[in-house]
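Report on one structure; see the data block that follows.
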Amino acid sequence: MYIRHRNAKNKHINTLQMFFLLFGIVLLLSACGQSQKPSSSEQNNNNAGTETNSNSNAGADDQDDQQNIVPPQEEKDPIQEQLDQLSLDEKIGQMILAGVQGTTLDAQAKQMITDQKVGGIIFYANNVSTVSGTAKFVQSIKDANRSNPVPIFMSVDQEGGKVSRMPETVETIPSNGKVGKTKDADLAQTMGKLLARQIRLVGFNVDFAPVLDVNSNPNNPVIGDRSFGSSASLVSQMGIAEMKGLRSEGIIPVVKHFPGHGDTSVDSHLDLPVVNKTEKQLAQLEWIPFEAAVKEQVEAVMVAHILFPKLDPDHPASLSDVIIGQHLRGKFKYDGVVITDDLSMGAIAKNYKLNDAAVSTVQAGSDILLVAHSYESAKTIFDTLVSAVKSGKISESRINESVYRILALKQKYNLSDEQQPSGDLKQLNADIVDWRKQVDAR
């Protein structure tokens, strides 16, 4: 009995030992299996399971591919890159558009281009000789500018009518007033193309046209038939058409004279005109063509030397943050180039010091300061703006805003000092005569 009991007990112990041994083996095998199984992140990287050997190299290849992927880089801004390469002197120079003397490049003009690094030149009637002579003069300025890092604006007032700078051998284009009477936008667009072809003959790349002033004052001594008419809608229609014609031929248009010169009774070349209109009145007439031009993304706007005391009693439009900053830049949302009318005109010269006017107009939001007829004036503006930045009166970031716009415009039109005069004078004259017949017939 005792023996049977002991044997049974031993048999039970042996059974338990076997059970624990088998359980231990199962746990060991399980642990080994877990250690060989890849983690979920490894599975994602390898894109293959462990069940087959055929895909065992695919995971490694994918890992190598992912390591070789170059993260996408931000697209470079060529305008900003160009701006970053310019010195302060070069940036200030881009903001000056100066006049020259005579009909050939003199030593003072060369020095102005070299020292002040001016971004543009304007020609007047006394700078124009023959077609070939004027073309050589324009090209000599471009050649002189090649030592500077940015191509130069070569500009002119070529409106048609009494404001014409072309030599006598070039057929004339009638005034805006005469073309406006046709009420034909196609004729106005052709007018813009013909004006562009005229100035391309001698190598210009900027035209201070079209005039967007509404001729609402019959006693106006300076606008008259330079305007397309007394209706804001007509001026808008014809002016925008002319603008498109100019740009279609590769010439940069500059609309003028914001906020509107049509209701003045004083010539701003001689003294400061005053227009006592409210913002609401201006919005109902004078501003309509300019707003239309902004909607058509006009390249540049010229601002006039006119005092609007009900908007800004202290500054003429060309020096006014209210008119340029708050209205043109702000309410109109215009981010193109703003150019002052000539700062040597009586409206400014009789009432402000040139250095004060230069600082004020930049603070107001102007990008380019036009100053004609005097090399000394160009140097005064250059020196004044450089000093204003160094003293902190004007921040360099403010200068950068203007120069960025200028560079963007020059790049948009692919300006180059290598560009030569182009066009066929004989064919152009024939086309002008044919177009004039269409205008006369209306």
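Chain labels run A, B, ... following the order of the structure tokens; each chain numbers its residues from 1, and ligands are numbered from 1 in the order shown.
Residues in contact with segment 119-131 of chain A at up to 6 Å, not including ones fewer than 4 positions away on its chain and judged by only C-alpha atoms, are Gly93, Gln94, Ile96, Leu97, Ala98, Gly99, Gly102, Thr103, Ile152, Phe153, Met154, Ser155, Val156, Arg165 and Pro167 of chain A.
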- Item | Coordinates-based distance that separates atom CA of Ala196 of chain A from atom CA of Lys136 of chain A (Å, one decimal) | 18.3 Å
Contacts of Ile324 of chain A at 9 Å (only C-alpha atoms; same-chain gap of 4+ positions) as a compact mmCIF listing (two decimals) with C-alpha atoms, in the first residue's frame:
# COMPACT_ATOMS: atom_id res chain seq x y z
CA VAL A 303 2.48 111.99 -59.27
CA ALA A 317 0.55 115.30 -53.87
CA SER A 318 4.11 114.44 -54.86
CA LEU A 319 5.31 114.83 -51.26
CA SER A 320 2.18 113.59 -49.50
CA LEU A 328 -2.59 105.34 -54.15
CA ARG A 329 -0.76 102.63 -52.23
CA GLY A 330 -3.48 101.97 -49.65
CA VAL A 338 5.66 105.69 -58.35
CA THR A 361 8.63 112.18 -51.24
CA ALA A 364 5.51 109.38 -48.68
CA GLY A 365 6.09 106.33 -50.88
CA SER A 366 7.73 107.51 -54.12
Segment 216-236 of chain A near segment 262-269 of chain A within 8 Å: what's each residue's closest atom pair and its distance in Å to one decimal, counting only C-alpha atoms, ordered by chain then ascending residue number, as CSV?
residue,atom,partner,partner_atom,distance
A:Ser216,CA,A:Asp263,CA,5.5
A:Asn217,CA,A:Asp263,CA,4.8
A:Asn219,CA,A:Ser265,CA,6.1
A:Asn220,CA,A:Ser265,CA,4.8
A:Pro221,CA,A:Asp267,CA,6.0
A:Val222,CA,A:Asp267,CA,5.5
A:Ile223,CA,A:Gly262,CA,6.2
A:Gly224,CA,A:Gly262,CA,7.8
A:Ser227,CA,A:Gly262,CA,7.9
Could you dump the residues just selected with all heavy atoms as a CSV table (one decimal), in the first residue's frame?
chain,number,residue,atom,x,y,z
A,216,SER,N,-11.4,118.9,-67.3
A,216,SER,CA,-12.7,119.4,-66.7
A,216,SER,C,-12.7,120.9,-66.6
A,216,SER,O,-13.7,121.5,-66.3
A,216,SER,CB,-13.0,118.7,-65.4
A,216,SER,OG,-11.9,119.0,-64.5
A,217,ASN,N,-11.5,121.6,-66.7
A,217,ASN,CA,-11.4,123.0,-66.5
A,217,ASN,C,-11.0,123.7,-67.8
A,217,ASN,O,-9.8,123.5,-68.2
A,217,ASN,CB,-10.4,123.3,-65.4
A,217,ASN,CG,-10.4,124.8,-65.1
A,217,ASN,OD1,-10.8,125.7,-65.8
A,217,ASN,ND2,-9.8,125.2,-63.9
A,219,ASN,N,-10.1,126.5,-68.5
A,219,ASN,CA,-9.1,127.5,-68.3
A,219,ASN,C,-7.8,126.9,-67.9
A,219,ASN,O,-6.8,127.6,-67.5
A,219,ASN,CB,-9.5,128.5,-67.2
A,219,ASN,CG,-10.8,129.3,-67.6
A,219,ASN,OD1,-10.9,129.7,-68.8
A,219,ASN,ND2,-11.7,129.5,-66.7
A,220,ASN,N,-7.7,125.6,-68.0
A,220,ASN,CA,-6.5,124.9,-67.6
A,220,ASN,C,-5.3,125.3,-68.6
A,220,ASN,O,-5.5,125.1,-69.8
A,220,ASN,CB,-6.7,123.4,-67.6
A,220,ASN,CG,-5.6,122.6,-66.9
A,220,ASN,OD1,-4.4,122.9,-67.1
A,220,ASN,ND2,-6.0,121.6,-66.2
A,221,PRO,N,-4.2,125.8,-68.0
A,221,PRO,CA,-3.2,126.3,-68.9
A,221,PRO,C,-2.2,125.2,-69.4
A,221,PRO,O,-1.3,125.5,-70.2
A,221,PRO,CB,-2.5,127.4,-68.1
A,221,PRO,CG,-2.6,126.8,-66.7
A,221,PRO,CD,-4.0,126.1,-66.6
A,222,VAL,N,-2.2,124.1,-68.8
A,222,VAL,CA,-1.2,123.1,-69.0
A,222,VAL,C,-1.7,121.7,-69.6
A,222,VAL,O,-0.9,121.0,-70.2
A,222,VAL,CB,-0.4,122.8,-67.7
A,222,VAL,CG1,-1.3,122.1,-66.7
A,222,VAL,CG2,0.9,122.0,-68.0
A,223,ILE,N,-3.0,121.4,-69.5
A,223,ILE,CA,-3.5,120.1,-70.0
A,223,ILE,C,-4.2,120.3,-71.3
A,223,ILE,O,-3.7,119.9,-72.3
A,223,ILE,CB,-4.4,119.5,-68.9
A,223,ILE,CG1,-3.6,119.2,-67.6
A,223,ILE,CG2,-5.0,118.1,-69.5
A,223,ILE,CD1,-2.4,118.3,-67.8
A,224,GLY,N,-5.4,120.9,-71.3
A,224,GLY,CA,-6.1,121.1,-72.6
A,224,GLY,C,-6.2,119.8,-73.4
A,224,GLY,O,-6.6,118.8,-72.9
A,227,SER,N,-5.3,116.0,-72.9
A,227,SER,CA,-6.3,115.0,-72.3
A,227,SER,C,-7.1,114.5,-73.5
A,227,SER,O,-7.4,115.2,-74.5
A,227,SER,CB,-7.1,115.7,-71.3
A,227,SER,OG,-8.3,114.9,-71.0
- Within segment 196-403 of chain A, find each residue whose DSSP state, derived from the backbone, is strand (DSSP E or B), and express the selection as a VMD selection string. chain A and resid 206 to 207 211 252 to 258 274 300 to 303 307 316 337 to 340 368 to 371
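Among the candidates A:Leu425, A:Ala430, A:Ile348, A:Ala209, the one nearest to Arg197 of chain A when counting only C-alpha atoms is A:Leu425.
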- Message: If DSSP is run on the backbone, what residues of segment 382-433 of chain A are helix (DSSP H, G or I)? A reply as an MDAnalysis selection string would be ideal.
- Response: chainID A and resid 382:391 396:412 425:433
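Among the candidate residues A:Leu307, A:Met191, A:Ala293, A:Met95, the one lying nearest to Ser236 of chain A is A:Ala293, with distances computed using only C-alpha atoms.
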- Task: Using only C-alpha atoms, determine which residues lie at most 12 Å from segment 106-117 of chain A, disregarding the query and same-chain residues fewer than 6 positions distant; provide the list as a count of residues only.
- Result: 46
- Item | Selected residue of minimal separation from Ile251 of chain A among A:Leu83, A:Val274, A:Met238, A:Ile199, counting only C-alpha atoms |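 Residue with the minimum atom-to-atom distance to Ile251 of chain A: A:Ile199.
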- Closest to Gln281 of chain A among A:Arg436, A:Lys310, A:Lys353, A:Lys295, using only C-alpha atoms? A:Lys310
Would you kindly return, as a compact mmCIF listing (two decimals) with N, CA, C and O atoms, in the first residue's frame, each protein, DNA or RNA residue with an atom no farther than 12 Å from any atom of Lys277 of chain A, considering only C-alpha atoms and excluding same-chain residues fewer than 3 positions away?
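Generated file (out-v8.txt):
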# COMPACT_ATOMS: atom_id res chain seq x y z
N PRO A 259 -2.86 113.01 -58.63
CA PRO A 259 -4.25 112.55 -58.61
C PRO A 259 -5.15 113.15 -59.68
O PRO A 259 -6.35 112.91 -59.68
N GLY A 260 -4.61 113.94 -60.60
CA GLY A 260 -5.39 114.57 -61.65
C GLY A 260 -5.03 116.03 -61.80
O GLY A 260 -5.11 116.79 -60.84
N ASP A 263 -8.12 119.92 -63.52
CA ASP A 263 -8.93 121.02 -62.99
C ASP A 263 -8.07 122.12 -62.37
O ASP A 263 -8.52 122.88 -61.53
N THR A 264 -6.82 122.21 -62.81
CA THR A 264 -5.94 123.26 -62.28
C THR A 264 -6.04 124.52 -63.13
O THR A 264 -6.35 124.47 -64.32
N VAL A 274 -3.41 124.74 -56.73
CA VAL A 274 -4.22 124.31 -55.59
C VAL A 274 -5.59 123.88 -56.12
O VAL A 274 -6.23 124.61 -56.88
N LYS A 280 -14.27 112.65 -52.04
CA LYS A 280 -15.45 112.17 -52.76
C LYS A 280 -15.52 112.76 -54.16
O LYS A 280 -15.82 112.05 -55.14
N GLN A 281 -15.24 114.04 -54.31
CA GLN A 281 -15.27 114.68 -55.62
C GLN A 281 -14.19 114.11 -56.55
O GLN A 281 -14.45 113.87 -57.74
N LEU A 282 -13.02 113.89 -56.01
CA LEU A 282 -11.94 113.31 -56.81
C LEU A 282 -12.30 111.89 -57.26
O LEU A 282 -12.02 111.50 -58.40
N ALA A 283 -12.91 111.14 -56.35
CA ALA A 283 -13.29 109.76 -56.67
C ALA A 283 -14.35 109.69 -57.76
O ALA A 283 -14.45 108.68 -58.48
N GLN A 284 -15.14 110.75 -57.90
CA GLN A 284 -16.20 110.76 -58.91
C GLN A 284 -15.73 111.22 -60.28
O GLN A 284 -16.46 111.11 -61.25
N LEU A 285 -14.49 111.72 -60.37
CA LEU A 285 -14.01 112.21 -61.67
C LEU A 285 -12.53 111.89 -61.89
O LEU A 285 -12.20 110.95 -62.62
N GLU A 286 -11.66 112.65 -61.24
CA GLU A 286 -10.22 112.55 -61.54
C GLU A 286 -9.63 111.16 -61.33
O GLU A 286 -8.75 110.73 -62.09
N TRP A 287 -10.08 110.47 -60.29
CA TRP A 287 -9.45 109.20 -59.95
C TRP A 287 -9.92 108.03 -60.79
O TRP A 287 -9.26 106.97 -60.81
N ILE A 306 0.68 119.16 -57.05
CA ILE A 306 -0.56 119.91 -56.85
C ILE A 306 -0.96 119.78 -55.39
O ILE A 306 -0.91 118.68 -54.82
N LEU A 307 -1.37 120.88 -54.79
CA LEU A 307 -1.83 120.86 -53.41
C LEU A 307 -3.33 120.60 -53.38
O LEU A 307 -4.11 121.30 -54.03
N PHE A 308 -3.72 119.58 -52.63
CA PHE A 308 -5.13 119.26 -52.39
C PHE A 308 -5.40 119.47 -50.91
O PHE A 308 -5.34 118.51 -50.12
N PRO A 309 -5.67 120.70 -50.49
CA PRO A 309 -5.74 121.02 -49.05
C PRO A 309 -6.80 120.25 -48.29
O PRO A 309 -6.66 120.06 -47.08
N LYS A 310 -7.84 119.79 -48.95
CA LYS A 310 -8.87 119.03 -48.24
C LYS A 310 -8.46 117.58 -48.00
O LYS A 310 -9.11 116.87 -47.23
N LEU A 311 -7.36 117.16 -48.63
CA LEU A 311 -6.79 115.85 -48.34
C LEU A 311 -5.53 115.99 -47.48
O LEU A 311 -5.35 115.27 -46.50
N ASP A 312 -4.66 116.91 -47.89
CA ASP A 312 -3.43 117.16 -47.15
C ASP A 312 -3.09 118.64 -47.29
O ASP A 312 -2.62 119.07 -48.35
N PRO A 313 -3.33 119.44 -46.25
CA PRO A 313 -3.11 120.88 -46.35
C PRO A 313 -1.64 121.28 -46.32
O PRO A 313 -1.30 122.44 -46.60
Can you tell me which residues surround Asp335 of chain A at a distance of at most 10 Å, considering only C-alpha atoms, apart from same-chain residues fewer than 4 positions away, and format the answer as a PDB file with all heavy atoms, in the first residue's frame?
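Result saved to out35.pdb:
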ATOM      1  N   VAL A 294      -4.728 101.118 -62.609  1.00  0.00           N
ATOM      2  CA  VAL A 294      -4.238 100.220 -61.552  1.00  0.00           C
ATOM      3  C   VAL A 294      -4.824  98.824 -61.719  1.00  0.00           C
ATOM      4  O   VAL A 294      -4.124  97.814 -61.572  1.00  0.00           O
ATOM      5  CB  VAL A 294      -4.562 100.795 -60.160  1.00  0.00           C
ATOM      6  CG1 VAL A 294      -4.267  99.765 -59.066  1.00  0.00           C
ATOM      7  CG2 VAL A 294      -3.749 102.069 -59.899  1.00  0.00           C
ATOM      8  N   GLN A 297      -3.004  96.845 -64.001  1.00  0.00           N
ATOM      9  CA  GLN A 297      -1.626  96.614 -63.543  1.00  0.00           C
ATOM     10  C   GLN A 297      -0.622  97.517 -64.265  1.00  0.00           C
ATOM     11  O   GLN A 297       0.410  97.063 -64.778  1.00  0.00           O
ATOM     12  CB  GLN A 297      -1.252  95.140 -63.711  1.00  0.00           C
ATOM     13  CG  GLN A 297      -2.145  94.224 -62.884  1.00  0.00           C
ATOM     14  CD  GLN A 297      -1.807  92.762 -63.037  1.00  0.00           C
ATOM     15  OE1 GLN A 297      -1.392  92.321 -64.101  1.00  0.00           O
ATOM     16  NE2 GLN A 297      -1.985  91.996 -61.977  1.00  0.00           N
ATOM     17  N   VAL A 298      -0.937  98.797 -64.289  1.00  0.00           N
ATOM     18  CA  VAL A 298      -0.039  99.754 -64.918  1.00  0.00           C
ATOM     19  C   VAL A 298       1.349  99.705 -64.290  1.00  0.00           C
ATOM     20  O   VAL A 298       1.483  99.536 -63.072  1.00  0.00           O
ATOM     21  CB  VAL A 298      -0.627 101.187 -64.844  1.00  0.00           C
ATOM     22  CG1 VAL A 298      -0.754 101.668 -63.406  1.00  0.00           C
ATOM     23  CG2 VAL A 298       0.212 102.162 -65.655  1.00  0.00           C
ATOM     24  N   GLU A 299       2.354  99.832 -65.125  1.00  0.00           N
ATOM     25  CA  GLU A 299       3.730  99.672 -64.683  1.00  0.00           C
ATOM     26  C   GLU A 299       4.196 100.807 -63.780  1.00  0.00           C
ATOM     27  O   GLU A 299       4.942 100.570 -62.817  1.00  0.00           O
ATOM     28  CB  GLU A 299       4.648  99.590 -65.906  1.00  0.00           C
ATOM     29  CG  GLU A 299       4.553  98.298 -66.686  1.00  0.00           C
ATOM     30  CD  GLU A 299       3.357  98.226 -67.628  1.00  0.00           C
ATOM     31  OE1 GLU A 299       2.467  99.098 -67.572  1.00  0.00           O
ATOM     32  OE2 GLU A 299       3.291  97.261 -68.405  1.00  0.00           O
ATOM     33  N   ALA A 300       3.814 102.038 -64.110  1.00  0.00           N
ATOM     34  CA  ALA A 300       4.318 103.185 -63.338  1.00  0.00           C
ATOM     35  C   ALA A 300       3.304 104.325 -63.368  1.00  0.00           C
ATOM     36  O   ALA A 300       2.582 104.502 -64.352  1.00  0.00           O
ATOM     37  CB  ALA A 300       5.654 103.653 -63.896  1.00  0.00           C
ATOM     38  N   LEU A 328      -3.096 106.116 -53.004  1.00  0.00           N
ATOM     39  CA  LEU A 328      -2.592 105.344 -54.146  1.00  0.00           C
ATOM     40  C   LEU A 328      -2.099 103.965 -53.719  1.00  0.00           C
ATOM     41  O   LEU A 328      -2.501 102.953 -54.294  1.00  0.00           O
ATOM     42  CB  LEU A 328      -1.472 106.127 -54.840  1.00  0.00           C
ATOM     43  CG  LEU A 328      -0.884 105.492 -56.103  1.00  0.00           C
ATOM     44  CD1 LEU A 328      -1.950 105.213 -57.141  1.00  0.00           C
ATOM     45  CD2 LEU A 328       0.221 106.385 -56.678  1.00  0.00           C
ATOM     46  N   ARG A 329      -1.265 103.924 -52.702  1.00  0.00           N
ATOM     47  CA  ARG A 329      -0.762 102.631 -52.228  1.00  0.00           C
ATOM     48  C   ARG A 329      -1.822 101.875 -51.425  1.00  0.00           C
ATOM     49  O   ARG A 329      -1.981 100.659 -51.576  1.00  0.00           O
ATOM     50  CB  ARG A 329       0.460 102.834 -51.338  1.00  0.00           C
ATOM     51  CG  ARG A 329       1.688 103.403 -52.028  1.00  0.00           C
ATOM     52  CD  ARG A 329       2.401 102.367 -52.830  1.00  0.00           C
ATOM     53  NE  ARG A 329       3.714 102.854 -53.279  1.00  0.00           N
ATOM     54  CZ  ARG A 329       4.279 102.487 -54.412  1.00  0.00           C
ATOM     55  NH1 ARG A 329       3.666 101.640 -55.221  1.00  0.00           N
ATOM     56  NH2 ARG A 329       5.468 102.951 -54.767  1.00  0.00           N
ATOM     57  N   GLY A 330      -2.541 102.617 -50.567  1.00  0.00           N
ATOM     58  CA  GLY A 330      -3.481 101.968 -49.653  1.00  0.00           C
ATOM     59  C   GLY A 330      -4.820 101.634 -50.284  1.00  0.00           C
ATOM     60  O   GLY A 330      -5.118 100.473 -50.548  1.00  0.00           O
ATOM     61  N   GLU A 401      12.414  98.645 -50.562  1.00  0.00           N
ATOM     62  CA  GLU A 401      11.076  98.492 -51.153  1.00  0.00           C
ATOM     63  C   GLU A 401      11.015  99.139 -52.530  1.00  0.00           C
ATOM     64  O   GLU A 401      10.504  98.552 -53.491  1.00  0.00           O
ATOM     65  CB  GLU A 401      10.016  99.149 -50.253  1.00  0.00           C
ATOM     66  CG  GLU A 401       9.740  98.430 -48.950  1.00  0.00           C
ATOM     67  CD  GLU A 401       8.792  99.225 -48.071  1.00  0.00           C
ATOM     68  OE1 GLU A 401       8.193 100.207 -48.572  1.00  0.00           O
ATOM     69  OE2 GLU A 401       8.646  98.884 -46.888  1.00  0.00           O
ATOM     70  N   SER A 402      11.508 100.356 -52.621  1.00  0.00           N
ATOM     71  CA  SER A 402      11.480 101.076 -53.891  1.00  0.00           C
ATOM     72  C   SER A 402      12.373 100.417 -54.929  1.00  0.00           C
ATOM     73  O   SER A 402      11.974 100.237 -56.088  1.00  0.00           O
ATOM     74  CB  SER A 402      11.912 102.533 -53.686  1.00  0.00           C
ATOM     75  OG  SER A 402      10.893 103.278 -53.046  1.00  0.00           O
ATOM     76  N   ARG A 405      10.931  97.319 -56.512  1.00  0.00           N
ATOM     77  CA  ARG A 405       9.939  97.605 -57.564  1.00  0.00           C
ATOM     78  C   ARG A 405      10.620  98.015 -58.867  1.00  0.00           C
ATOM     79  O   ARG A 405      10.199  97.618 -59.955  1.00  0.00           O
ATOM     80  CB  ARG A 405       8.994  98.712 -57.100  1.00  0.00           C
ATOM     81  CG  ARG A 405       8.112  98.362 -55.917  1.00  0.00           C
ATOM     82  CD  ARG A 405       7.112  99.489 -55.637  1.00  0.00           C
ATOM     83  NE  ARG A 405       6.373  99.271 -54.407  1.00  0.00           N
ATOM     84  CZ  ARG A 405       6.580  99.928 -53.284  1.00  0.00           C
ATOM     85  NH1 ARG A 405       7.488 100.880 -53.228  1.00  0.00           N
ATOM     86  NH2 ARG A 405       5.865  99.667 -52.201  1.00  0.00           N
TER      87      ARG A 405
END
- Query: Interatomic distance between atom CA of Ser164 of chain A and atom CA of Pro210 of chain A?
  - Reply: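 Computing the Euclidean distance for atom CA of Ser164 of chain A and atom CA of Pro210 of chain A yields 12.7 Å.
In this comparison, which uses only C-alpha atoms, the residue of A:Ser422, A:Ser387, A:Ser132, A:Gln438 approaching Asp186 of chain A most closely is A:Gln438.
Checking A:Thr278, A:Asp271, A:Phe208, A:Asp431 one by one against Lys256 of chain A, counting only C-alpha atoms, you find the shortest gap at A:Phe208.
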